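Asker: Sharing a structure here in structure tokens format.
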Amino acid sequence: MRKQVDFLIIGSGIAGLSYALKVAEYGTVCIVTKSRAEESSTNYAQGGIAAVMYSPDSYEKHIHDTLVAGAGLCDENIVRITISESTQRIKELIRWGTKFDKNKSGKYDLAKEGGHSEYRVLHSKDHTGAEIEKALLNQVKKHKKIEVLEDHFAVDIITQHHMGVEVNRRSTDIACYGAYVLDPVEGRIDTILSKITLIATGGVGNVYSNTTNPEVSTGDGIAMVYRAKGKTEHMEFVQFHPTALYNPKERPSFLITEALRGFGGILKTIKGREFMQKYDARLSLAPRDIVARAIDTEMKISGDEHVCLDCRHLNKNELITHFPTIYAKCLSIGVDITKEMIPVVPAAHYMCGGIQIDEYGRSSIQNLYATGECACTGLHGANRLASNSLLESVVFSHRAALDSIQKMDRVELNQDIPDWNAEGTVLNEEMILITQTTKELREIMSNYVGIVRSNLRLKRAMDRLEILYRETEDLYEKSILTEKICELRNMINVAYLIIKMATQRKESRGLHYSLDYPDLKK
Ligand code: FAD
Ligand code: SIN
């Protein structure tokens with residue numbers, strides 16, 4: 001099937017949906033999303049969205065906290081843009097129907113999370129993301145110019161390469177003409193031509209064994225842009241959330257929001273001993289890289305499989321009112337958080353790097369934008385400040401929409417694009433080839449490219465990955481495409497970028513810690 005639209009959006013999290021609502025006033029929009037529309041990291045976000053709302057908070061304080069967390073690698077111009085536009089974008093989310101909690105005096109109830117010097121996190125109990133996703137999807141579903149294709153998997157963006165023109169990493173005129181999209185129900189690859197394409201495919205957590213990310217976060221957009229010879233950066237900065245619920249059989253790992261530490265929860269060993277005083281004066285509310293490394297160290301010293309978050313001293317009613325999802329989840333596995341400590345471990349949570357974009361969300365490929373977690377704006381530098389991700393997504397989707405609307409009239413649809421060629425491929429009936437490789441990939445990444453790295457571990461990871469890469473490319477070339485083979489291929493591409501960029505960084509900084517360079521740069 002061939003289809004043509006003005007704006008093609010890949011992904012239906014906060015980045016894709018908020019962009020769609022803006023550009024739909026100017027042209028036809030198609031959102032392609034690989035699962036149900038709401039299935040996204042956005043939908044699982046708990047803590048909230050950081051923004052400056054009232055004094056004594058100020059833009060300068062939020063800018064300062066973001067720069068400190070980013071350990072010298074933030075782009076200060078981008079930080080200033082993001083934070084100074086935060087209040088406007090929050091008001092827009094509220095206009096679209098998002099309900100953030102208020103306190104008794106009618107003001108927004110702001111929470112505090114690690115690395116923030118003020119209370120500035122707007123939230124909706126402990127399910128903020130679901131509230132935002134619901135509000136945005138309601139608006140999108142009402143909009144006549146927006147079509148949402150659920151269970152459709154974007155395989156590759158279309159460039160001159162698909163017309164037989166050679167492009168390489170030095171080419172400066174690569175252009176995007178749309179995407180090839182797998183419709184698994186019909187079992188075919190559709191050609192969707194677009195004037196403007198937005199990649200909003202979210203994170204990469206599933207490259208690791210333990211992750212808070214939903215199954216859909218397999219780095220597809222980053223891999224597509226990399227294969228199309230677009231620019232990516234800062235992929236070595238993978239954020240591990242310090243406190244995922246320790247429940248070994250569960251995937252993804254359930255998050256225990258940092259807001260619970262902001263509320264007074266204290267990290268302790270299994271034996272009930274506090275340990276954060278050994279690592280940072282901000283104790284349990286130090287930035288995530290510090291807390292995750294501290295937990296990793298404590299687990300290595302004790303040999304324990306987890307540490308604990310103690311909330312037993314907190315007011316029981318307030319605890320349950322503020323964190324109903326966490327209370328119910330822990331109870332479901334037999335932990336009453338008002339009486340027992342919560343077992344927690346770090347888990348892969350957020351990709352700070354990604355597709356390189358500028359201040360209007362423009363990638364290095366013409367007519368191709370990227371926003372949200374798959375993009376690298378320069379806001380987070382070497383480490384993201386908690387709750388700055390949802391904010392970054394709305395700010396840059398807004399800015400990308402402004403630029404796309406202007407550009408749209410100057411772009412022609414390219415009718416010469418050939419349809420997908422599936423000649424000579426056969427159905428791969430051995431799922432074990434894919435599941436086993438996926439398992440191996442995750443073990444390599446978790447064991448060698450996790451919270452603590454070294455030159456030797458990275459070299460070993462790259463050598464092992466090379467084998468998986470060759471086997472998977474071979475299988476991909478011969479197979480009738482399925483979502484699972486495409487995801488595996490994408491995860492291998494993303495793992496390659498993480499290892500390569502980690503190997504190139506000859507220092508420890510932010511989220512990248514190497515035993516070979518123990519002095520942490522700030
Ligand atoms: P997502 O919301 O992940 O959406 C990506 C979309 O792309 C999905 O619809 C997916 O199906 C689709 N997609 C992916 N690949 C393809 C493909 N090949 N074809 C078609 N569709 C595709 N950040 C905060 O700021 N505050 C928080 O409190 C917070 N809590 C979090 C809690 C959890 C458990 C997690 C996992 C993350 C949290 N984060 C938080 C991070 C934040 O939620 C994400 O960074 C943000 O939601 C990313 O939004 P996005 O639109 O870029 O991607
Ligand atoms: C959390 O609620 O702890 C997650 C916040 C974030 O990832 O920004």
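How things are named: the first chain in the structure tokens is A, the next is B, and so on; residues count from 1 in each chain; ligands count from 1 in the order shown.
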What are the closest atom pairs, with distances in Å to one decimal, for all residues of region 339-431 of chain A lying within 12 Å of region 185-190 of chain A? Consider only C-alpha atoms, order rows by chain and residue number, and present the result as a Markdown table.

Answerer:
| residue | atom | partner | partner_atom | distance |
| --- | --- | --- | --- | --- |
| A:Ile417 | CA | A:Asp190 | CA | 11.8 |
| A:Pro418 | CA | A:Asp190 | CA | 10.8 |
| A:Asp419 | CA | A:Asp190 | CA | 7.5 |
| A:Trp420 | CA | A:Ile189 | CA | 6.4 |
| A:Asn421 | CA | A:Ile189 | CA | 8.9 |
| A:Ala422 | CA | A:Ile189 | CA | 8.7 |
| A:Leu427 | CA | A:Gly187 | CA | 10.9 |

Asker: Those selected residues, please, written with N, CA, C and O atoms and delivered as a PDB file, in the first residue's frame.

Answerer:
ATOM      1  N   ILE A 417       9.842   7.197  -5.324  1.00  0.00           N
ATOM      2  CA  ILE A 417      10.313   6.209  -4.338  1.00  0.00           C
ATOM      3  C   ILE A 417       9.750   4.823  -4.678  1.00  0.00           C
ATOM      4  O   ILE A 417       8.539   4.670  -4.841  1.00  0.00           O
ATOM      5  N   PRO A 418      10.612   3.833  -4.770  1.00  0.00           N
ATOM      6  CA  PRO A 418      10.112   2.476  -5.062  1.00  0.00           C
ATOM      7  C   PRO A 418       9.458   1.847  -3.830  1.00  0.00           C
ATOM      8  O   PRO A 418       9.749   2.249  -2.705  1.00  0.00           O
ATOM      9  N   ASP A 419       8.606   0.868  -4.051  1.00  0.00           N
ATOM     10  CA  ASP A 419       8.053   0.134  -2.927  1.00  0.00           C
ATOM     11  C   ASP A 419       9.115  -0.818  -2.374  1.00  0.00           C
ATOM     12  O   ASP A 419      10.122  -1.092  -3.018  1.00  0.00           O
ATOM     13  N   TRP A 420       8.866  -1.322  -1.179  1.00  0.00           N
ATOM     14  CA  TRP A 420       9.789  -2.242  -0.494  1.00  0.00           C
ATOM     15  C   TRP A 420       9.984  -3.509  -1.327  1.00  0.00           C
ATOM     16  O   TRP A 420       9.020  -4.042  -1.881  1.00  0.00           O
ATOM     17  N   ASN A 421      11.219  -3.952  -1.412  1.00  0.00           N
ATOM     18  CA  ASN A 421      11.495  -5.144  -2.195  1.00  0.00           C
ATOM     19  C   ASN A 421      11.756  -6.326  -1.250  1.00  0.00           C
ATOM     20  O   ASN A 421      12.780  -6.364  -0.564  1.00  0.00           O
ATOM     21  N   ALA A 422      10.810  -7.284  -1.234  1.00  0.00           N
ATOM     22  CA  ALA A 422      10.951  -8.428  -0.315  1.00  0.00           C
ATOM     23  C   ALA A 422      11.345  -9.693  -1.071  1.00  0.00           C
ATOM     24  O   ALA A 422      11.214 -10.801  -0.547  1.00  0.00           O
ATOM     25  N   LEU A 427       9.906 -16.944   5.409  1.00  0.00           N
ATOM     26  CA  LEU A 427       9.491 -16.775   6.795  1.00  0.00           C
ATOM     27  C   LEU A 427      10.427 -17.557   7.713  1.00  0.00           C
ATOM     28  O   LEU A 427      10.635 -18.749   7.525  1.00  0.00           O
TER      29      LEU A 427
END

Asker: Residues at most 9 Å from Thr172 (chain A), counting only C-alpha atoms, excluding those fewer than 2 positions away in the same chain, as an MDAnalysis selection string?

Answerer: chainID A and resid 167:170 174 364:366

Asker: Mind checking which residues fall within 8 Å of region 408-410 of chain A, counting only C-alpha atoms, ignoring those fewer than 6 positions away in the same chain, and posting them as a list in words?

Answerer: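 What passes the distance filter is Asp6, Lys195 and Ile196 of chain A.
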
Asker: Using only all heavy atoms, please write the residues we just selected to a file, as a compact mmCIF listing (two decimals), in the first residue's frame.

Answerer:
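Below you can see part.txt, which holds the result:
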# COMPACT_ATOMS: atom_id res chain seq x y z
N ASP A 6 1.19 15.03 4.69
CA ASP A 6 2.12 16.16 4.88
C ASP A 6 3.11 15.85 6.01
O ASP A 6 4.30 16.07 5.86
CB ASP A 6 1.31 17.42 5.23
CG ASP A 6 0.45 17.88 4.06
OD1 ASP A 6 0.96 17.83 2.92
OD2 ASP A 6 -0.72 18.23 4.27
N LYS A 195 6.01 14.90 3.48
CA LYS A 195 6.87 16.08 3.26
C LYS A 195 7.83 16.22 4.45
O LYS A 195 9.01 16.49 4.28
CB LYS A 195 6.00 17.33 3.15
CG LYS A 195 5.15 17.36 1.90
CD LYS A 195 4.41 18.67 1.84
CE LYS A 195 3.58 18.75 0.57
NZ LYS A 195 2.71 19.94 0.55
N ILE A 196 7.27 16.04 5.63
CA ILE A 196 8.06 16.18 6.86
C ILE A 196 7.85 14.91 7.69
O ILE A 196 6.73 14.43 7.82
CB ILE A 196 7.53 17.38 7.70
CG1 ILE A 196 7.54 18.68 6.90
CG2 ILE A 196 8.28 17.49 9.03
CD1 ILE A 196 8.89 19.32 6.71

Asker: Which of region 277-393 of chain A counts as strand (DSSP E or B) under DSSP, as a list in words please?

Answerer: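 Filtering region 277-393 of chain A down to strand (DSSP E or B) leaves Val307, Cys308, Leu309, Asp310, Ile342, Pro343, Val344, Val345, Pro346, Ala347, Ala348, His349, Tyr350, Met351, Gly354, Ile355, Gln356, Arg362, Gln366, Leu368, Tyr369, Ala370, Ala375 and Cys376 of chain A.
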
Asker: Write as a VMD selection string the residues around ligand 1, taking 7 Å as the cut-off and counting only C-alpha atoms and all ligand atoms.

Answerer: chain A and resid 10 to 16 32 to 35 37 to 50 128 to 129 152 to 155 200 to 203 212 to 214 216 to 221 254 to 255 349 to 350 371 to 374 386 to 391 393

Asker: Between CA of Arg282 (chain A) and CA of Ile78 (chain A), what distance in Å does the model show, to one decimal?

Answerer: 26.6 Å

Asker: Find, counting only C-alpha atoms, the residue in A:Glu359, A:Glu60, A:Asp310, A:Glu507 that gets nearest to Thr269 (chain A).

Answerer: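 Checking each of A:Glu359, A:Glu60, A:Asp310, A:Glu507 against Thr269 (chain A), counting only C-alpha atoms, the winner is A:Asp310.
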
Asker: Might you pull out every residue within 8 Å of region 428-436 of chain A, with only C-alpha atoms counted and same-chain residues fewer than 2 positions away left off, and present them as a compact mmCIF listing (two decimals) with C-alpha atoms, in the first residue's frame?

Answerer:
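Result written to result.txt:
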# COMPACT_ATOMS: atom_id res chain seq x y z
CA VAL A 426 11.35 -16.51 3.51
CA THR A 438 18.27 -10.88 22.36
CA LYS A 439 19.10 -12.54 25.67
CA GLU A 440 22.81 -12.64 24.85
CA SER A 479 13.76 -13.22 6.41
CA ILE A 480 10.29 -11.97 5.67
CA LYS A 484 10.95 -8.99 16.45
CA ILE A 485 13.75 -9.34 13.88
CA LEU A 488 16.70 -7.10 17.46

Asker: Taking a cut-off of 12 Å and counting only C-alpha atoms, can you build a table that, for each residue of region 84-108 of chain A near region 318-334 of chain A, reports the nearest atom pair and how far apart they are in Å (one decimal), sorted by chain then residue number, as JSON lines?

Answerer:
{"residue": "A:Asp101", "atom": "CA", "partner": "A:His322", "partner_atom": "CA", "distance": 9.8}
{"residue": "A:Lys102", "atom": "CA", "partner": "A:His322", "partner_atom": "CA", "distance": 11.7}
{"residue": "A:Asn103", "atom": "CA", "partner": "A:His322", "partner_atom": "CA", "distance": 11.5}

Asker: For the residues selected in the previous step, produce a file with N, CA, C and O atoms as a PDB file, in the first residue's frame.

Answerer:
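Once everything was written out, this is selection.pdb:
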ATOM      1  N   ASP A 101      -1.909  17.611  40.335  1.00  0.00           N
ATOM      2  CA  ASP A 101      -2.428  17.729  41.710  1.00  0.00           C
ATOM      3  C   ASP A 101      -2.226  19.142  42.254  1.00  0.00           C
ATOM      4  O   ASP A 101      -1.210  19.785  41.983  1.00  0.00           O
ATOM      5  N   LYS A 102      -3.216  19.553  43.048  1.00  0.00           N
ATOM      6  CA  LYS A 102      -3.092  20.851  43.729  1.00  0.00           C
ATOM      7  C   LYS A 102      -3.111  20.615  45.233  1.00  0.00           C
ATOM      8  O   LYS A 102      -3.621  19.584  45.695  1.00  0.00           O
ATOM      9  N   ASN A 103      -2.584  21.565  45.989  1.00  0.00           N
ATOM     10  CA  ASN A 103      -2.663  21.432  47.458  1.00  0.00           C
ATOM     11  C   ASN A 103      -3.915  22.141  47.979  1.00  0.00           C
ATOM     12  O   ASN A 103      -4.704  22.685  47.188  1.00  0.00           O
TER      13      ASN A 103
END

Asker: I'd like to know which of A:Leu413, A:Leu458, A:Leu110, A:Ala370 is closest to Gly262 (chain A), using only C-alpha atoms.

Answerer: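 Once distances to Gly262 (chain A) are computed over only C-alpha atoms, the minimum belongs to A:Leu110.
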
Asker: Set the distance at 6 Å and use only C-alpha atoms: which residues neighbour Ile146 (chain A) once local chain neighbours fewer than 3 positions away are removed? I'd like the list as a ChimeraX atom specification.

Answerer: /A:29-30,143

Asker: Residues as selected, all heavy atoms, written as a compact mmCIF listing (two decimals), in the first residue's frame, can you do that?

Answerer:
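That gives us selection_35.txt:
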# COMPACT_ATOMS: atom_id res chain seq x y z
N VAL A 29 -1.93 14.56 8.87
CA VAL A 29 -0.97 13.94 9.79
C VAL A 29 -1.25 12.45 9.90
O VAL A 29 -2.41 12.04 10.05
CB VAL A 29 -1.09 14.56 11.20
CG1 VAL A 29 -0.14 13.87 12.18
CG2 VAL A 29 -0.81 16.06 11.17
N CYS A 30 -0.19 11.64 9.85
CA CYS A 30 -0.35 10.21 10.12
C CYS A 30 0.63 9.85 11.24
O CYS A 30 1.83 10.11 11.14
CB CYS A 30 -0.02 9.41 8.86
SG CYS A 30 -0.02 7.64 9.17
N HIS A 143 -9.23 14.96 16.64
CA HIS A 143 -8.78 15.81 15.53
C HIS A 143 -9.00 15.13 14.18
O HIS A 143 -8.48 14.04 13.95
CB HIS A 143 -7.30 16.16 15.71
CG HIS A 143 -6.95 17.46 15.08
ND1 HIS A 143 -7.04 17.67 13.73
CD2 HIS A 143 -6.56 18.63 15.62
CE1 HIS A 143 -6.69 18.91 13.45
NE2 HIS A 143 -6.40 19.52 14.59

Asker: Taking only region 21-157 of chain A into account, list the residues labelled helix (DSSP H, G or I) by DSSP (computed from the backbone), as a PyMOL selection string.

Answerer: chain A and resi 21-23+42-44+59-69+76-84+86-95+128-142

Asker: Output N, CA and C atoms of each residue in that selection to a file, as a short mmCIF file (atom, residue, chain, number, x, y, z; two decimals), in the first residue's frame.

Answerer:
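Output file selection26.cif follows:
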data_model
loop_
_atom_site.label_atom_id
_atom_site.label_comp_id
_atom_site.auth_asym_id
_atom_site.auth_seq_id
_atom_site.Cartn_x
_atom_site.Cartn_y
_atom_site.Cartn_z
N LEU A 21 -0.54 17.55 17.50
CA LEU A 21 -1.64 18.50 17.76
C LEU A 21 -1.32 19.88 17.18
N LYS A 22 -0.05 20.20 17.07
CA LYS A 22 0.32 21.52 16.53
C LYS A 22 0.34 21.54 15.01
N VAL A 23 0.96 20.52 14.39
CA VAL A 23 1.09 20.57 12.93
C VAL A 23 -0.23 20.24 12.23
N THR A 42 6.10 7.31 28.18
CA THR A 42 5.29 8.41 28.72
C THR A 42 4.21 7.86 29.65
N ASN A 43 3.56 6.81 29.21
CA ASN A 43 2.42 6.27 29.96
C ASN A 43 2.81 5.73 31.34
N TYR A 44 4.11 5.44 31.52
CA TYR A 44 4.55 4.86 32.80
C TYR A 44 5.27 5.89 33.68
N TYR A 59 13.88 30.53 37.14
CA TYR A 59 14.51 29.88 35.98
C TYR A 59 15.99 29.66 36.24
N GLU A 60 16.64 30.66 36.85
CA GLU A 60 18.09 30.53 37.08
C GLU A 60 18.42 29.33 37.97
N LYS A 61 17.58 29.08 38.98
CA LYS A 61 17.86 27.93 39.87
C LYS A 61 17.69 26.61 39.11
N HIS A 62 16.64 26.52 38.31
CA HIS A 62 16.42 25.28 37.55
C HIS A 62 17.54 25.09 36.51
N ILE A 63 17.95 26.19 35.90
CA ILE A 63 19.06 26.12 34.92
C ILE A 63 20.33 25.62 35.63
N HIS A 64 20.59 26.18 36.79
CA HIS A 64 21.79 25.81 37.55
C HIS A 64 21.75 24.32 37.90
N ASP A 65 20.64 23.83 38.40
CA ASP A 65 20.54 22.41 38.79
C ASP A 65 20.75 21.50 37.58
N THR A 66 20.18 21.91 36.44
CA THR A 66 20.32 21.09 35.21
C THR A 66 21.78 21.04 34.77
N LEU A 67 22.45 22.19 34.83
CA LEU A 67 23.87 22.25 34.42
C LEU A 67 24.74 21.44 35.36
N VAL A 68 24.46 21.49 36.65
CA VAL A 68 25.28 20.73 37.62
C VAL A 68 25.12 19.23 37.35
N ALA A 69 23.86 18.78 37.17
CA ALA A 69 23.63 17.35 36.92
C ALA A 69 24.35 16.91 35.65
N GLU A 76 24.50 25.07 27.21
CA GLU A 76 23.82 26.05 28.07
C GLU A 76 22.70 26.81 27.36
N ASN A 77 22.89 27.06 26.07
CA ASN A 77 21.84 27.74 25.30
C ASN A 77 20.56 26.91 25.29
N ILE A 78 20.73 25.60 25.08
CA ILE A 78 19.57 24.69 25.04
C ILE A 78 18.93 24.59 26.42
N VAL A 79 19.76 24.58 27.46
CA VAL A 79 19.22 24.52 28.83
C VAL A 79 18.36 25.77 29.08
N ARG A 80 18.88 26.92 28.69
CA ARG A 80 18.14 28.18 28.91
C ARG A 80 16.82 28.19 28.13
N ILE A 81 16.88 27.73 26.87
CA ILE A 81 15.65 27.68 26.06
C ILE A 81 14.61 26.79 26.76
N THR A 82 15.04 25.60 27.15
CA THR A 82 14.10 24.60 27.71
C THR A 82 13.44 25.13 28.97
N ILE A 83 14.26 25.65 29.86
CA ILE A 83 13.71 26.04 31.17
C ILE A 83 12.88 27.31 31.04
N SER A 84 13.33 28.25 30.20
CA SER A 84 12.55 29.49 30.11
C SER A 84 11.24 29.27 29.37
N SER A 86 9.47 26.49 29.92
CA SER A 86 8.78 25.42 30.67
C SER A 86 7.38 25.83 31.09
N THR A 87 7.22 27.03 31.64
CA THR A 87 5.91 27.42 32.20
C THR A 87 4.85 27.46 31.10
N GLN A 88 5.22 27.99 29.92
CA GLN A 88 4.26 28.05 28.80
C GLN A 88 3.79 26.66 28.39
N ARG A 89 4.74 25.75 28.30
CA ARG A 89 4.39 24.39 27.83
C ARG A 89 3.52 23.67 28.87
N ILE A 90 3.75 23.93 30.16
CA ILE A 90 2.92 23.31 31.20
C ILE A 90 1.48 23.84 31.07
N LYS A 91 1.36 25.14 30.85
CA LYS A 91 0.01 25.72 30.71
C LYS A 91 -0.72 25.08 29.53
N GLU A 92 0.04 24.77 28.48
CA GLU A 92 -0.56 24.14 27.30
C GLU A 92 -1.04 22.71 27.62
N LEU A 93 -0.20 21.97 28.36
CA LEU A 93 -0.62 20.61 28.75
C LEU A 93 -1.91 20.69 29.58
N ILE A 94 -1.99 21.70 30.42
CA ILE A 94 -3.20 21.86 31.25
C ILE A 94 -4.39 22.21 30.35
N ARG A 95 -4.17 23.09 29.38
CA ARG A 95 -5.27 23.43 28.43
C ARG A 95 -5.73 22.20 27.66
N THR A 128 1.74 10.36 36.73
CA THR A 128 1.70 11.60 35.93
C THR A 128 1.69 11.31 34.43
N GLY A 129 2.51 10.36 34.01
CA GLY A 129 2.63 10.09 32.58
C GLY A 129 1.33 9.60 31.98
N ALA A 130 0.64 8.74 32.71
CA ALA A 130 -0.63 8.20 32.21
C ALA A 130 -1.65 9.34 32.07
N GLU A 131 -1.61 10.28 33.00
CA GLU A 131 -2.53 11.43 32.95
C GLU A 131 -2.24 12.29 31.70
N ILE A 132 -0.95 12.53 31.43
CA ILE A 132 -0.58 13.34 30.26
C ILE A 132 -0.95 12.60 28.97
N GLU A 133 -0.60 11.32 28.91
CA GLU A 133 -0.84 10.52 27.70
C GLU A 133 -2.35 10.49 27.40
N LYS A 134 -3.15 10.31 28.44
CA LYS A 134 -4.61 10.24 28.25
C LYS A 134 -5.13 11.57 27.69
N ALA A 135 -4.66 12.68 28.27
CA ALA A 135 -5.14 13.99 27.82
C ALA A 135 -4.75 14.23 26.35
N LEU A 136 -3.50 13.91 26.01
CA LEU A 136 -3.05 14.16 24.63
C LEU A 136 -3.79 13.25 23.64
N LEU A 137 -3.94 11.99 24.01
CA LEU A 137 -4.63 11.05 23.10
C LEU A 137 -6.09 11.45 22.89
N ASN A 138 -6.72 11.95 23.95
CA ASN A 138 -8.11 12.42 23.79
C ASN A 138 -8.18 13.52 22.74
N GLN A 139 -7.24 14.45 22.79
CA GLN A 139 -7.22 15.56 21.82
C GLN A 139 -6.93 15.02 20.41
N VAL A 140 -5.97 14.11 20.32
CA VAL A 140 -5.58 13.57 19.01
C VAL A 140 -6.76 12.82 18.37
N LYS A 141 -7.45 12.03 19.18
CA LYS A 141 -8.56 11.23 18.63
C LYS A 141 -9.68 12.11 18.12
N LYS A 142 -9.82 13.29 18.71
CA LYS A 142 -10.89 14.21 18.28
C LYS A 142 -10.53 14.95 16.99
#

Asker: Go through A:Val452, A:Leu515, A:Met351, A:Ala223 and flag the residue nearest ligand 2, using only C-alpha atoms and all ligand atoms for the distances.

Answerer: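 Answer, going by the shortest atom-to-atom distance: A:Met351.
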
Asker: How many Å lie between CA of Met445 (chain A) and CA of Ser209 (chain A), rounded to one decimal?

Answerer: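 A separation of 7.9 Å between them.
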
Asker: Show which residues sit within 10 Å of Val225 (chain A), as an NGL selection string. Count only C-alpha atoms, and ignore same-chain residues fewer than 6 positions away.

Answerer: :A and (156-157 or 176 or 199 or 231-232 or 354-356 or 363-365 or 368 or 370)

Asker: Of the candidates A:Arg2, A:His116, A:His306, A:Lys278, which shows the shortest atom-to-atom distance to Val52 (chain A), using only C-alpha atoms?

Answerer: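 Of all the options, A:His116 lies closest to Val52 (chain A).
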